[in-house]
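Colleague: Next comes the structure file model_14.cif, holding mmCIF, C-alpha atoms.
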```cif
data_my_file
loop_
_atom_site.label_atom_id
_atom_site.label_comp_id
_atom_site.auth_asym_id
_atom_site.auth_seq_id
_atom_site.Cartn_x
_atom_site.Cartn_y
_atom_site.Cartn_z
CA MET W 1430 35.95 -16.04 17.33
CA SER W 1431 35.00 -19.63 16.49
CA PHE W 1432 32.54 -20.53 13.73
CA ALA W 1433 29.91 -21.53 16.30
CA GLN W 1434 30.31 -18.23 18.14
CA SER W 1435 30.07 -16.35 14.85
CA VAL W 1436 26.84 -18.13 13.91
CA GLN W 1437 25.43 -17.51 17.39
CA SER W 1438 26.34 -13.83 17.21
CA THR W 1439 24.80 -13.43 13.76
CA TRP W 1440 21.64 -15.27 14.82
CA GLY W 1441 21.41 -13.06 17.90
CA ARG W 1442 21.56 -9.90 15.79
CA TRP W 1443 18.78 -11.17 13.53
CA LEU W 1444 16.61 -12.07 16.53
CA LYS W 1445 17.17 -8.60 17.96
CA ALA W 1446 16.10 -7.09 14.64
CA ALA W 1447 12.98 -9.28 14.62
CA GLU W 1448 11.99 -7.89 18.03
CA VAL W 1449 10.71 -4.81 16.20
CA TYR W 1450 7.45 -6.76 15.70
CA ARG W 1451 6.92 -7.30 19.44
CA ASP W 1452 5.96 -3.68 20.05
CA ARG W 1453 2.29 -3.12 21.03
CA ARG W 1454 2.10 -0.43 18.37
CA GLN W 1455 2.61 -3.04 15.67
CA LEU W 1456 -0.65 -4.75 16.67
CA ILE W 1457 -2.45 -1.41 16.37
CA ILE W 1458 -0.90 -0.87 12.94
CA LEU W 1459 -1.90 -4.41 11.87
CA LEU W 1460 -5.54 -3.76 12.76
CA MET W 1461 -5.47 -0.35 11.08
CA GLY W 1462 -4.07 -2.02 7.97
CA PHE W 1463 -7.01 -4.43 8.15
CA ALA W 1464 -9.43 -1.48 8.31
CA SER W 1465 -7.75 0.09 5.26
CA GLY W 1466 -7.99 -3.11 3.22
CA MET W 1467 -11.60 -3.93 4.12
CA PRO W 1468 -13.38 -1.50 1.70
CA PHE W 1469 -10.92 -1.76 -1.21
CA LEU W 1470 -12.49 -4.69 -3.10
CA LEU W 1471 -15.98 -3.20 -2.70
CA THR W 1472 -15.11 -0.67 -5.39
CA GLY W 1473 -13.27 -3.25 -7.51
CA ALA W 1474 -13.38 -7.03 -7.82
CA THR W 1475 -16.29 -7.62 -5.42
CA LEU W 1476 -18.41 -4.94 -7.06
CA THR W 1477 -17.77 -6.14 -10.61
CA TYR W 1478 -18.39 -9.76 -9.60
CA TRP W 1479 -21.71 -8.77 -8.03
CA MET W 1480 -22.67 -6.85 -11.18
CA SER W 1481 -21.78 -9.78 -13.42
CA ARG W 1482 -23.95 -12.06 -11.28
CA THR W 1483 -26.91 -9.68 -11.74
CA ASP W 1484 -26.58 -9.62 -15.56
CA VAL W 1485 -25.23 -6.07 -15.87
CA ASN W 1486 -23.69 -5.63 -19.34
CA LEU W 1487 -19.91 -5.64 -19.72
CA THR W 1488 -19.74 -2.04 -20.96
CA THR W 1489 -21.35 -0.76 -17.77
CA ILE W 1490 -19.14 -2.99 -15.62
CA GLY W 1491 -16.05 -1.61 -17.36
CA LEU W 1492 -17.13 1.99 -16.72
CA PHE W 1493 -17.41 1.22 -13.02
CA ALA W 1494 -13.61 1.17 -12.86
CA LEU W 1495 -13.95 4.96 -12.57
CA VAL W 1496 -15.54 4.73 -9.12
CA GLY W 1497 -12.05 4.20 -7.69
CA THR W 1498 -10.89 7.64 -8.85
CA PRO W 1499 -10.79 9.12 -5.30
CA TYR W 1500 -7.81 6.89 -4.48
CA ALA W 1501 -5.75 8.63 -7.18
CA PHE W 1502 -6.58 12.15 -5.97
CA LYS W 1503 -6.51 11.76 -2.20
CA PHE W 1504 -3.60 14.22 -1.99
CA ALA W 1505 -6.11 16.96 -2.89
CA TRP W 1506 -7.87 16.81 0.50
CA ALA W 1507 -4.96 15.39 2.52
CA PRO W 1508 -4.15 18.91 3.88
CA LEU W 1509 -7.60 18.98 5.50
CA VAL W 1510 -6.98 15.64 7.20
CA ASP W 1511 -3.60 16.91 8.40
CA GLN W 1512 -4.65 20.29 9.73
CA MET W 1513 -8.41 20.65 10.23
CA PRO W 1514 -9.62 19.69 13.73
CA LEU W 1515 -13.01 17.97 13.83
CA PRO W 1516 -15.44 19.49 16.35
CA VAL W 1517 -15.70 17.48 19.60
CA LEU W 1518 -13.88 14.46 18.11
CA ASP W 1519 -10.53 16.25 17.93
CA ARG W 1520 -10.58 17.07 21.66
CA TRP W 1521 -11.70 13.53 22.51
CA LEU W 1522 -9.50 11.42 20.22
CA GLY W 1523 -6.91 13.71 18.67
CA ARG W 1524 -6.31 14.63 15.02
CA ARG W 1525 -5.42 11.25 13.52
CA ARG W 1526 -7.89 9.06 15.40
CA SER W 1527 -10.79 11.49 14.97
CA TRP W 1528 -10.38 11.51 11.18
CA MET W 1529 -10.06 7.73 11.14
CA LEU W 1530 -13.28 7.32 13.11
CA LEU W 1531 -15.15 9.79 10.89
CA ALA W 1532 -13.94 7.97 7.77
CA GLN W 1533 -14.93 4.60 9.23
CA VAL W 1534 -18.45 5.80 9.99
CA GLY W 1535 -18.61 7.06 6.41
CA ILE W 1536 -17.42 3.68 5.12
CA LEU W 1537 -20.04 1.84 7.16
CA VAL W 1538 -22.91 4.06 5.93
CA SER W 1539 -21.78 4.13 2.28
CA VAL W 1540 -21.22 0.34 2.14
CA VAL W 1541 -24.72 -0.23 3.52
CA LEU W 1542 -26.08 2.15 0.85
CA LEU W 1543 -24.11 0.17 -1.74
CA ALA W 1544 -25.47 -3.11 -0.38
CA TRP W 1545 -29.08 -2.09 -0.79
CA SER W 1546 -28.71 -0.51 -4.21
CA ASP W 1547 -29.64 -2.34 -7.41
CA PRO W 1548 -26.81 -2.26 -9.99
CA ALA W 1549 -29.08 -3.64 -12.71
CA ARG W 1550 -31.98 -1.18 -12.26
CA THR W 1551 -30.31 1.86 -10.70
CA PRO W 1552 -26.64 1.73 -11.74
CA TRP W 1553 -26.14 5.44 -11.08
CA PHE W 1554 -27.16 5.05 -7.44
CA THR W 1555 -24.82 2.07 -7.14
CA ALA W 1556 -22.03 4.12 -8.73
CA ALA W 1557 -22.63 7.05 -6.35
CA ALA W 1558 -22.53 4.75 -3.32
CA ALA W 1559 -19.32 3.12 -4.60
CA VAL W 1560 -17.67 6.54 -5.10
CA LEU W 1561 -18.58 7.39 -1.50
CA VAL W 1562 -16.99 4.12 -0.35
CA ALA W 1563 -13.80 4.99 -2.27
CA PHE W 1564 -13.78 8.57 -0.92
CA PHE W 1565 -14.12 7.58 2.73
CA SER W 1566 -11.68 4.69 2.22
CA ALA W 1567 -9.07 7.03 0.72
CA THR W 1568 -9.64 9.47 3.58
CA GLN W 1569 -9.07 6.68 6.09
CA ASP W 1570 -5.87 5.73 4.24
CA ILE W 1571 -4.54 9.29 4.64
CA ALA W 1572 -5.15 9.24 8.39
CA VAL W 1573 -3.88 5.66 8.87
CA ASP W 1574 -0.66 6.32 6.93
CA ALA W 1575 -0.03 9.54 8.85
CA TYR W 1576 -0.70 7.75 12.17
CA ARG W 1577 1.78 4.98 11.33
CA ILE W 1578 4.46 7.46 10.28
CA GLU W 1579 4.05 9.61 13.40
CA ILE W 1580 3.81 6.80 15.95
CA LEU W 1581 7.01 5.05 14.79
CA ARG W 1582 10.65 6.08 14.66
CA ASP W 1583 12.47 6.00 11.30
CA GLU W 1584 14.16 2.66 12.02
CA GLU W 1585 10.74 1.13 12.77
CA GLN W 1586 9.08 2.26 9.54
CA GLY W 1587 10.03 -0.88 7.63
CA ALA W 1588 8.37 -3.16 10.16
CA GLY W 1589 5.40 -0.79 10.31
CA SER W 1590 4.85 -0.92 6.57
CA ALA W 1591 5.17 -4.74 6.63
CA THR W 1592 2.59 -4.99 9.41
CA THR W 1593 0.24 -2.63 7.58
CA GLN W 1594 0.48 -4.69 4.41
CA LEU W 1595 -0.16 -7.91 6.33
CA GLY W 1596 -3.33 -6.48 7.88
CA TYR W 1597 -4.39 -5.11 4.51
CA ARG W 1598 -4.01 -8.48 2.78
CA ILE W 1599 -5.82 -10.35 5.55
CA ALA W 1600 -8.78 -8.01 4.98
CA LEU W 1601 -8.65 -8.60 1.22
CA TRP W 1602 -8.71 -12.38 1.72
CA ILE W 1603 -11.66 -12.24 4.09
CA VAL W 1604 -13.72 -9.89 1.93
CA ASP W 1605 -12.89 -11.90 -1.20
CA ALA W 1606 -13.89 -15.16 0.49
CA MET W 1607 -17.15 -13.69 1.80
CA SER W 1608 -18.07 -12.28 -1.62
CA LEU W 1609 -17.31 -15.56 -3.41
CA LEU W 1610 -18.80 -18.03 -0.93
CA LEU W 1611 -21.73 -16.35 0.82
CA PRO W 1612 -23.86 -15.32 -2.23
CA SER W 1613 -24.82 -18.97 -2.72
CA LEU W 1614 -26.37 -18.92 0.76
CA LEU W 1615 -27.55 -15.33 1.26
CA PRO W 1616 -28.87 -12.44 -0.89
CA TRP W 1617 -26.25 -9.98 -2.09
CA PRO W 1618 -27.53 -7.06 0.05
CA VAL W 1619 -27.07 -9.18 3.17
CA VAL W 1620 -23.59 -10.30 2.07
CA ILE W 1621 -22.39 -6.74 1.46
CA SER W 1622 -23.96 -5.59 4.74
CA LEU W 1623 -22.05 -8.32 6.60
CA ILE W 1624 -18.84 -7.16 4.94
CA ALA W 1625 -19.65 -3.61 6.08
CA LEU W 1626 -19.64 -4.76 9.70
CA LEU W 1627 -15.93 -5.63 9.43
CA ILE W 1628 -15.14 -1.91 9.74
CA VAL W 1629 -16.17 -2.19 13.40
CA ILE W 1630 -12.74 -3.78 13.97
CA GLY W 1631 -11.19 -0.52 12.83
CA MET W 1632 -13.48 1.54 15.07
CA VAL W 1633 -12.57 -0.49 18.16
CA THR W 1634 -8.88 -0.14 17.23
CA VAL W 1635 -9.21 3.65 17.03
CA LEU W 1636 -10.69 3.78 20.51
CA TYR W 1637 -7.97 1.48 21.89
CA ALA W 1638 -5.01 3.21 20.20
CA LYS W 1639 -3.04 6.13 21.57
CA GLU W 1640 -2.79 9.39 19.64
CA PRO W 1641 0.73 10.32 18.42
CA LYS W 1642 2.21 13.24 20.36
CA VAL W 1643 2.77 15.99 17.79
CA GLU W 1644 3.15 19.69 18.51
CA ARG W 1645 0.74 21.61 16.30
CA PRO W 1646 0.82 25.40 15.81
CA VAL W 1647 -2.27 27.48 16.53
CA LEU W 1648 -3.81 28.57 13.20
CA ASP W 1649 -5.66 31.82 13.90
CA SER W 1650 -6.28 32.98 10.33
CA ALA W 1651 -7.02 31.68 6.86
CA GLN W 1652 -3.56 32.74 5.72
CA ALA W 1653 -1.92 30.83 8.58
CA TRP W 1654 -4.03 27.76 7.79
CA VAL W 1655 -3.08 27.78 4.08
CA LYS W 1656 0.57 28.23 4.99
CA GLN W 1657 0.55 25.33 7.46
CA ALA W 1658 -1.74 22.97 5.53
CA VAL W 1659 -0.64 23.53 1.94
CA VAL W 1660 2.56 25.55 1.67
CA ARG W 1661 4.61 24.14 4.55
CA PRO W 1662 4.29 20.41 3.73
CA PHE W 1663 5.74 21.04 0.29
CA ALA W 1664 8.31 23.52 1.59
CA GLU W 1665 9.48 20.93 4.14
CA PHE W 1666 9.83 18.35 1.38
CA LEU W 1667 11.69 20.77 -0.90
CA ALA W 1668 14.22 21.27 1.90
CA TYR W 1669 15.71 17.91 1.01
CA ARG W 1670 18.82 17.95 -1.11
CA GLY W 1671 17.84 16.26 -4.34
CA TRP W 1672 14.07 16.44 -3.78
CA PHE W 1673 13.49 16.10 -7.52
CA VAL W 1674 15.55 12.91 -7.54
CA ILE W 1675 13.39 11.62 -4.68
CA LEU W 1676 10.27 12.21 -6.78
CA LEU W 1677 11.84 10.40 -9.74
CA PHE W 1678 12.85 7.56 -7.46
CA ALA W 1679 9.28 7.28 -6.12
CA LEU W 1680 8.13 7.04 -9.73
CA LEU W 1681 10.73 4.58 -11.04
CA TYR W 1682 11.85 2.27 -8.21
CA LYS W 1683 9.10 -0.30 -8.78
CA TYR W 1684 8.32 0.63 -12.38
CA GLY W 1685 9.87 -2.49 -13.93
CA ASP W 1686 8.01 -4.64 -11.43
CA ALA W 1687 4.74 -2.82 -12.14
CA LEU W 1688 5.18 -3.04 -15.92
CA GLY W 1689 5.57 -6.81 -15.67
CA GLY W 1690 2.70 -7.10 -13.21
CA THR W 1691 0.21 -5.52 -15.59
CA MET W 1692 0.89 -8.23 -18.17
CA ALA W 1693 1.25 -11.22 -15.83
CA ARG W 1694 -2.23 -12.72 -16.28
CA PRO W 1695 -2.26 -12.36 -20.11
CA PHE W 1696 1.23 -13.87 -20.16
CA PHE W 1697 0.18 -16.86 -18.07
CA ASN W 1698 -2.79 -17.39 -20.35
CA GLN W 1699 -0.69 -17.30 -23.53
CA MET W 1700 1.75 -19.74 -22.00
CA GLY W 1701 -1.12 -22.24 -21.81
CA PHE W 1702 -1.83 -22.27 -18.08
CA SER W 1703 -5.45 -22.79 -17.09
CA GLY W 1704 -7.40 -20.56 -14.73
CA PRO W 1705 -7.37 -23.11 -11.89
CA GLU W 1706 -3.61 -23.57 -12.29
CA ILE W 1707 -2.99 -19.82 -12.13
CA PHE W 1708 -5.35 -19.45 -9.16
CA GLY W 1709 -3.76 -22.37 -7.34
CA VAL W 1710 -0.22 -21.05 -7.67
CA THR W 1711 -0.93 -17.36 -7.03
CA LYS W 1712 -3.23 -17.95 -4.05
CA SER W 1713 -1.00 -20.51 -2.33
CA PHE W 1714 2.70 -20.13 -3.08
CA GLY W 1715 2.28 -16.52 -4.23
CA VAL W 1716 0.37 -15.39 -1.15
CA ALA W 1717 2.71 -17.21 1.23
CA ALA W 1718 5.74 -15.65 -0.46
CA THR W 1719 4.16 -12.21 -0.17
CA ILE W 1720 3.58 -12.63 3.58
CA PHE W 1721 7.09 -13.92 4.26
CA GLY W 1722 8.62 -11.30 1.98
CA GLY W 1723 6.81 -8.53 3.83
CA LEU W 1724 7.79 -9.80 7.26
CA ALA W 1725 11.38 -10.37 6.12
CA GLY W 1726 11.43 -6.83 4.74
CA GLY W 1727 10.65 -5.39 8.15
CA ILE W 1728 13.46 -7.41 9.75
CA VAL W 1729 15.98 -6.54 7.02
CA VAL W 1730 15.21 -2.83 7.36
CA ALA W 1731 15.61 -3.05 11.15
CA ARG W 1732 18.87 -5.01 10.77
CA TYR W 1733 20.59 -3.17 7.90
CA GLY W 1734 18.72 0.11 7.43
CA LEU W 1735 16.51 1.43 4.66
CA PHE W 1736 19.07 2.02 1.92
CA LYS W 1737 20.74 -1.40 2.08
CA ALA W 1738 17.30 -3.03 2.15
CA LEU W 1739 16.16 -0.95 -0.83
CA LEU W 1740 19.25 -1.87 -2.83
CA VAL W 1741 19.07 -5.60 -2.15
CA ALA W 1742 15.31 -5.70 -2.77
CA GLY W 1743 15.61 -3.59 -5.93
CA ILE W 1744 18.21 -5.95 -7.41
CA LEU W 1745 16.09 -8.98 -6.49
CA GLN W 1746 12.97 -7.40 -8.01
CA ALA W 1747 14.82 -6.92 -11.27
CA ILE W 1748 16.46 -10.36 -11.36
CA THR W 1749 13.27 -12.26 -10.54
CA ASN W 1750 11.61 -10.81 -13.64
CA LEU W 1751 14.08 -12.90 -15.63
CA LEU W 1752 12.42 -16.02 -14.20
CA PHE W 1753 9.35 -15.20 -16.28
CA ALA W 1754 11.57 -15.19 -19.37
CA TRP W 1755 12.40 -18.77 -18.30
CA VAL W 1756 8.65 -19.49 -18.16
CA ALA W 1757 8.38 -18.16 -21.72
CA VAL W 1758 11.12 -20.55 -22.83
CA GLU W 1759 9.56 -23.47 -20.92
CA PRO W 1760 5.80 -22.95 -21.41
CA ARG W 1761 3.33 -25.21 -19.60
CA ASP W 1762 5.92 -26.09 -16.93
CA LEU W 1763 4.01 -25.60 -13.67
CA VAL W 1764 7.12 -26.01 -11.52
CA VAL W 1765 8.92 -23.20 -13.33
CA LEU W 1766 5.81 -21.00 -13.04
CA THR W 1767 5.61 -21.69 -9.30
CA LEU W 1768 9.27 -20.79 -8.82
CA ALA W 1769 8.85 -17.57 -10.80
CA ILE W 1770 5.71 -16.42 -8.97
CA THR W 1771 7.10 -17.34 -5.54
CA ALA W 1772 10.39 -15.52 -6.08
CA ASP W 1773 8.70 -12.51 -7.69
CA ASN W 1774 6.13 -12.13 -4.89
CA PHE W 1775 8.77 -12.49 -2.20
CA SER W 1776 11.10 -9.90 -3.71
CA GLY W 1777 8.20 -7.56 -4.56
CA ALA W 1778 6.94 -7.64 -0.96
CA LEU W 1779 10.48 -7.19 0.38
CA GLY W 1780 10.97 -4.15 -1.85
CA GLY W 1781 7.52 -2.80 -1.11
CA VAL W 1782 8.15 -2.76 2.64
CA ALA W 1783 11.53 -1.03 2.27
CA PHE W 1784 10.08 1.41 -0.27
CA ILE W 1785 7.12 2.39 1.90
CA GLY W 1786 9.44 2.63 4.89
CA TYR W 1787 11.69 5.03 2.98
CA LEU W 1788 8.81 7.21 1.78
CA SER W 1789 7.45 7.26 5.33
CA SER W 1790 10.82 8.39 6.70
CA LEU W 1791 10.70 11.45 4.42
CA CYS W 1792 7.48 12.73 5.97
CA THR W 1793 7.33 15.32 8.74
CA ALA W 1794 5.13 14.71 11.76
CA GLY W 1795 2.02 16.88 11.71
CA MET W 1796 1.87 16.99 7.92
CA ALA W 1797 2.66 13.38 7.09
CA GLY W 1798 -0.75 12.78 5.48
CA THR W 1799 -0.17 15.39 2.78
CA GLN W 1800 3.46 14.48 2.07
CA TYR W 1801 2.85 10.73 2.01
CA ALA W 1802 -0.22 11.13 -0.22
CA LEU W 1803 1.91 13.08 -2.71
CA LEU W 1804 4.66 10.45 -2.80
CA THR W 1805 2.30 7.48 -3.06
CA SER W 1806 0.36 9.22 -5.84
CA LEU W 1807 3.57 9.20 -7.87
CA MET W 1808 4.07 5.53 -7.00
CA ALA W 1809 0.51 4.83 -8.17
CA PHE W 1810 1.11 6.79 -11.39
CA GLY W 1811 4.04 4.52 -12.21
CA ARG W 1812 1.94 1.46 -11.39
CA THR W 1813 -1.03 2.46 -13.53
CA THR W 1814 -0.67 5.13 -16.23
CA MET W 1815 3.00 4.51 -17.09
CA SER W 1816 2.40 0.75 -17.18
CA ALA W 1817 -0.43 1.02 -19.68
CA GLY W 1818 1.93 0.42 -22.60
CA GLY W 1819 3.01 -3.00 -21.33
CA GLY W 1820 0.76 -4.85 -23.75
CA TRP W 1821 2.07 -2.95 -26.77
CA LEU W 1822 5.65 -3.53 -25.64
CA ALA W 1823 5.10 -7.28 -25.22
CA ALA W 1824 3.44 -7.51 -28.64
CA GLN W 1825 6.33 -5.72 -30.32
CA MET W 1826 9.17 -7.52 -28.57
CA GLY W 1827 7.94 -11.00 -27.70
CA TRP W 1828 7.67 -12.39 -24.17
CA VAL W 1829 11.31 -13.32 -23.54
CA GLU W 1830 12.55 -9.90 -24.63
CA PHE W 1831 9.73 -8.19 -22.72
CA TRP W 1832 10.76 -9.73 -19.40
CA ILE W 1833 14.41 -8.90 -20.05
CA ALA W 1834 13.31 -5.32 -20.72
CA THR W 1835 11.43 -5.10 -17.41
CA THR W 1836 14.69 -6.11 -15.71
CA LEU W 1837 16.70 -3.43 -17.50
CA ILE W 1838 14.03 -0.79 -16.79
CA ALA W 1839 14.79 -1.23 -13.10
CA ILE W 1840 18.34 0.13 -13.54
CA PRO W 1841 17.48 3.89 -13.53
CA GLY W 1842 15.66 3.50 -10.21
CA LEU W 1843 18.64 1.69 -8.70
CA LEU W 1844 21.03 4.41 -9.89
CA LEU W 1845 18.81 7.07 -8.34
CA LEU W 1846 18.82 5.04 -5.11
CA LEU W 1847 22.64 5.00 -5.02
CA TRP W 1848 22.71 8.78 -5.43
CA LEU W 1849 20.13 9.27 -2.66
CA TRP W 1850 22.10 6.95 -0.40
CA HIS W 1851 25.19 9.09 -1.02
CA VAL W 1852 23.42 12.27 0.12
CA SER W 1853 21.33 10.63 2.86
CA GLN W 1854 22.90 12.81 5.56
CA LYS W 1855 20.02 15.24 4.88
CA LYS W 1856 17.41 13.99 7.36
CA THR W 1857 13.77 14.85 7.95
CA PRO W 1858 13.49 18.60 8.62
CA PRO W 1859 13.66 19.01 12.41
CA SER W 1860 10.88 21.57 12.77
CA VAL W 1861 8.51 18.97 14.22
CA LYS W 1862 9.91 15.99 16.12
CA LYS W 1863 8.33 12.59 16.28
CA GLU W 1864 7.45 11.01 19.57
CA GLY W 1865 10.53 9.53 21.15
CA GLN W 1866 13.02 11.40 18.91
#
```
Output the file's structure in the form of structure tokens.
Modeller:
Amino acid sequence: MSFAQSVQSTWGRWLKAAEVYRDRRQLIILLMGFASGMPFLLTGATLTYWMSRTDVNLTTIGLFALVGTPYAFKFAWAPLVDQMPLPVLDRWLGRRRSWMLLAQVGILVSVVLLAWSDPARTPWFTAAAAVLVAFFSATQDIAVDAYRIEILRDEEQGAGSATTQLGYRIALWIVDAMSLLLPSLLPWPVVISLIALLIVIGMVTVLYAKEPKVERPVLDSAQAWVKQAVVRPFAEFLAYRGWFVILLFALLYKYGDALGGTMARPFFNQMGFSGPEIFGVTKSFGVAATIFGGLAGGIVVARYGLFKALLVAGILQAITNLLFAWVAVEPRDLVVLTLAITADNFSGALGGVAFIGYLSSLCTAGMAGTQYALLTSLMAFGRTTMSAGGGWLAAQMGWVEFWIATTLIAIPGLLLLLWLWHVSQKKTPPSVKKEGQ
């Protein structure tokens, strides 16, 4: 085969892999990702910015971080979302779409309640409304994740997770822009109410989408319900050879990346970069790299499979942390900072897509909400609680050594990945088949 023919053949294989995004289901998943991202900032950055603009004291603003607690415990009610049929809605829309629609109605009502609360005069009412937003948002996430897992085949999960993340980030950008730009023109209650209307996009998507075809057993007793909703999802997961290693992998694969991420802004500040410089780089080159990394992740997974994509992305995630050690050696160099942020965001998005695709492939249709909520809770634990010591570590070691350490911390996760790859012949338990399998 000539060089030209080889290039043409290779290019053809990549184009074929990229065709995974042409499926109509990917558009549905994109819009569902948008619906998932829409309420997120309303319990975080948008809410705290609103409170700061209304002269709420910093102590109260800090305590409002607790309103996002439902996201961390969504696995507790995920069995209900998996197994409990909603009256009327279940027969009309099916299990996944009916729960999505219910959650979206809850988001709309709770965001309107939040909009017309007064964080300065009645902070407890504002907090209660924000907790409701987080609860319904987390419930929607359970249903959306389960829908994506059940509607796609294993080899499509990488592209599905990339599309979800793209929709999610588009929603974050729009909500962030509305909350930063519109308050100078309109009162805050009107601004938040306008943001609430974005959930209508999710509602229309639910009505347009098709329900995944999943065989569900008839649960004619409380004992049967508990067995199907609570016991069986975990029993199915425990059927995997090396299930404990899978849990450790979910905890550690992105731990080095998360540890560095928690200290990124303080690091940039100590290196002498101004707020506008940080904003300019992260919101231009960083965002673009995240989008391209996510889309590339879906193609790489479709082309080479989950495990090769996870390995390549995991190595890149670790190596790109070393670029921040270069920033520490060359402080105030905006070009070096741009290179580091661009490479880190690209590799992080690439790894995130492959990682979510892998976790999704482990879930069994019909109980995917519960299993995926469990796995992502571990991922979140590594991103939050286990990363809390990043500041102490940086203070003890210095910035260059800290970034080298975040690279080395990635090694255990990569070793676990190699072991899982070796035993990957154990597939998803076949008790419930996905559509098309």
Colleague: Please evaluate the PyMOL selection byres ((chain W and resi 1843-1855) around 7) against the displayed coordinates and give the resulting residues as a VMD selection string.
Modeller: chain W and resid 1669 to 1670 1674 1678 1682 1736 1740 1743 1839 to 1842 1856 to 1857
Colleague: For atom CA of W:Ala1575 and atom CA of W:Pro1499, quote the distance in Å rounded to one decimal.
Modeller: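 Interatomic distance, atom CA of W:Ala1575 to atom CA of W:Pro1499: 17.8 Å.
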Colleague: When distances are computed from only C-alpha atoms, which of W:Val1756, W:Ala1505, W:Ala1664, W:Ala1794 shows the smallest separation from W:Arg1645?
Modeller: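 The shortest atom-to-atom distance to W:Arg1645 comes from W:Ala1794.
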Colleague: List the residues matched by the PyMOL selection byres ((chain W and resi 1659-1661) around 10) in the displayed structure as JSON, numbers by chain, ordered by chain and then by residue number.
Modeller: {"W": [1505, 1506, 1507, 1508, 1509, 1511, 1512, 1653, 1654, 1655, 1656, 1657, 1658, 1662, 1663, 1664, 1665, 1666, 1667, 1796, 1799, 1800]}
Colleague: May I ask which of the residues W:Leu1763, W:Ala1802, W:Val1633, W:Leu1595 is the closest one to W:Gly1781, counting only C-alpha atoms?
Modeller: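 Counting only C-alpha atoms, the residue closest to W:Gly1781 is W:Leu1595.
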Colleague: Restricting the calculation to only C-alpha atoms: of W:Val1782, W:Ile1457, W:Leu1837, W:Ala1556, which residue gets closest to W:Leu1492?
Modeller: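 With only C-alpha atoms as the atom set, the closest residue is W:Ala1556.
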Colleague: Step by step, work through what the PyMOL selection byres ((chain W and resi 1474) around 12) selects in the shown file, and finish by giving those residues as a count of residues only.
Modeller: 25
Colleague: To one decimal in Å, tell me the separation between atom CA of W:Val1710 and atom CA of W:Thr1771.
Modeller: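 Separation of atom CA of W:Val1710 and atom CA of W:Thr1771: 8.5 Å.
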Colleague: Name the residues in contact with W:Ala1754 at a cut-off of 6 Å, using all atoms listed in the file, excluding same-chain residues fewer than 2 positions from it; report them as a PyMOL selection string.
Modeller: chain W and resi 1751-1752+1756-1757+1829+1832
Colleague: Pull the closest atom pair for each residue of stretch 1584-1660 of chain W that gets at most 7 Å from stretch 1540-1548 of chain W, along with the distance in Å to one decimal, counting all atoms listed in the file, ordering rows by chain and then ascending residue number, as a Markdown table.
Modeller:
```
| residue | atom | partner | partner_atom | distance |
| --- | --- | --- | --- | --- |
| W:Pro1618 | CA | W:Ala1544 | CA | 4.5 |
| W:Ile1621 | CA | W:Ala1544 | CA | 5.1 |
| W:Ser1622 | CA | W:Val1541 | CA | 5.5 |
| W:Ala1625 | CA | W:Val1540 | CA | 5.8 |
```
Colleague: Have a look at atom CA of W:Thr1593 and atom CA of W:Val1643 and let me know their distance in Å, one decimal.
Modeller: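 Spanning atom CA of W:Thr1593 to atom CA of W:Val1643 is a straight-line distance of 21.4 Å.
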Colleague: Got a sec: who's within 9 Å of W:Ile1628, counting all atoms listed in the file, leaving out chain neighbours fewer than 3 positions off, as a tab-separated table (two decimals) with C-alpha atoms, in the frame of the given file?
Modeller:
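The result, stored in out_39.tsv:
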```
chain	number	residue	atom	x	y	z
W	1463	PHE	CA	-7.01	-4.43	8.15
W	1464	ALA	CA	-9.43	-1.48	8.31
W	1465	SER	CA	-7.75	0.09	5.26
W	1467	MET	CA	-11.60	-3.93	4.12
W	1468	PRO	CA	-13.38	-1.50	1.70
W	1533	GLN	CA	-14.93	4.60	9.23
W	1534	VAL	CA	-18.45	5.80	9.99
W	1536	ILE	CA	-17.42	3.68	5.12
W	1537	LEU	CA	-20.04	1.84	7.16
W	1624	ILE	CA	-18.84	-7.16	4.94
W	1625	ALA	CA	-19.65	-3.61	6.08
W	1631	GLY	CA	-11.19	-0.52	12.83
W	1632	MET	CA	-13.48	1.54	15.07
W	1633	VAL	CA	-12.57	-0.49	18.16
```
Colleague: Pick the closest to W:Ser1789 from W:Lys1683, W:Lys1642, W:Arg1577, W:Lys1503: which is it, counting all atoms listed in the file?
Modeller: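 Nearest candidate to W:Ser1789 out of W:Lys1683, W:Lys1642, W:Arg1577, W:Lys1503: W:Arg1577.
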Colleague: Which one of W:Gly1689, W:Glu1640, W:Ile1578, W:Ile1458 sits closest to W:Arg1520 if you count all atoms listed in the file?
Modeller: W:Glu1640
Colleague: Using only C-alpha atoms, pick whichever of W:Val1741, W:Ala1687, W:Met1461, W:Ala1549 has the shortest atom-to-atom distance to W:Val1485.
Modeller: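 Smallest distance to W:Val1485 is found for W:Ala1549.
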Colleague: I'd like a table as CSV: residues in stretch 1762-1852 of chain W with an atom no more than 8 Å from stretch 1581-1586 of chain W, each row giving the shortest atom pair and its distance in Å to one decimal, all atoms listed in the file counted, sorted by chain and rising residue number.
Modeller:
```
residue,atom,partner,partner_atom,distance
W:Ile1785,CA,W:Gln1586,CA,7.9
W:Gly1786,CA,W:Gln1586,CA,4.7
W:Tyr1787,CA,W:Gln1586,CA,7.6
W:Ser1789,CA,W:Gln1586,CA,6.7
W:Ser1790,CA,W:Asp1583,CA,5.4
```
Colleague: Keeping only C-alpha atoms, take the residues you just selected and write them out as a compact mmCIF listing (two decimals), in the frame of the given file.
Modeller:
```txt
# COMPACT_ATOMS: atom_id res chain seq x y z
CA ILE W 1785 7.12 2.39 1.90
CA GLY W 1786 9.44 2.63 4.89
CA TYR W 1787 11.69 5.03 2.98
CA SER W 1789 7.45 7.26 5.33
CA SER W 1790 10.82 8.39 6.70
```
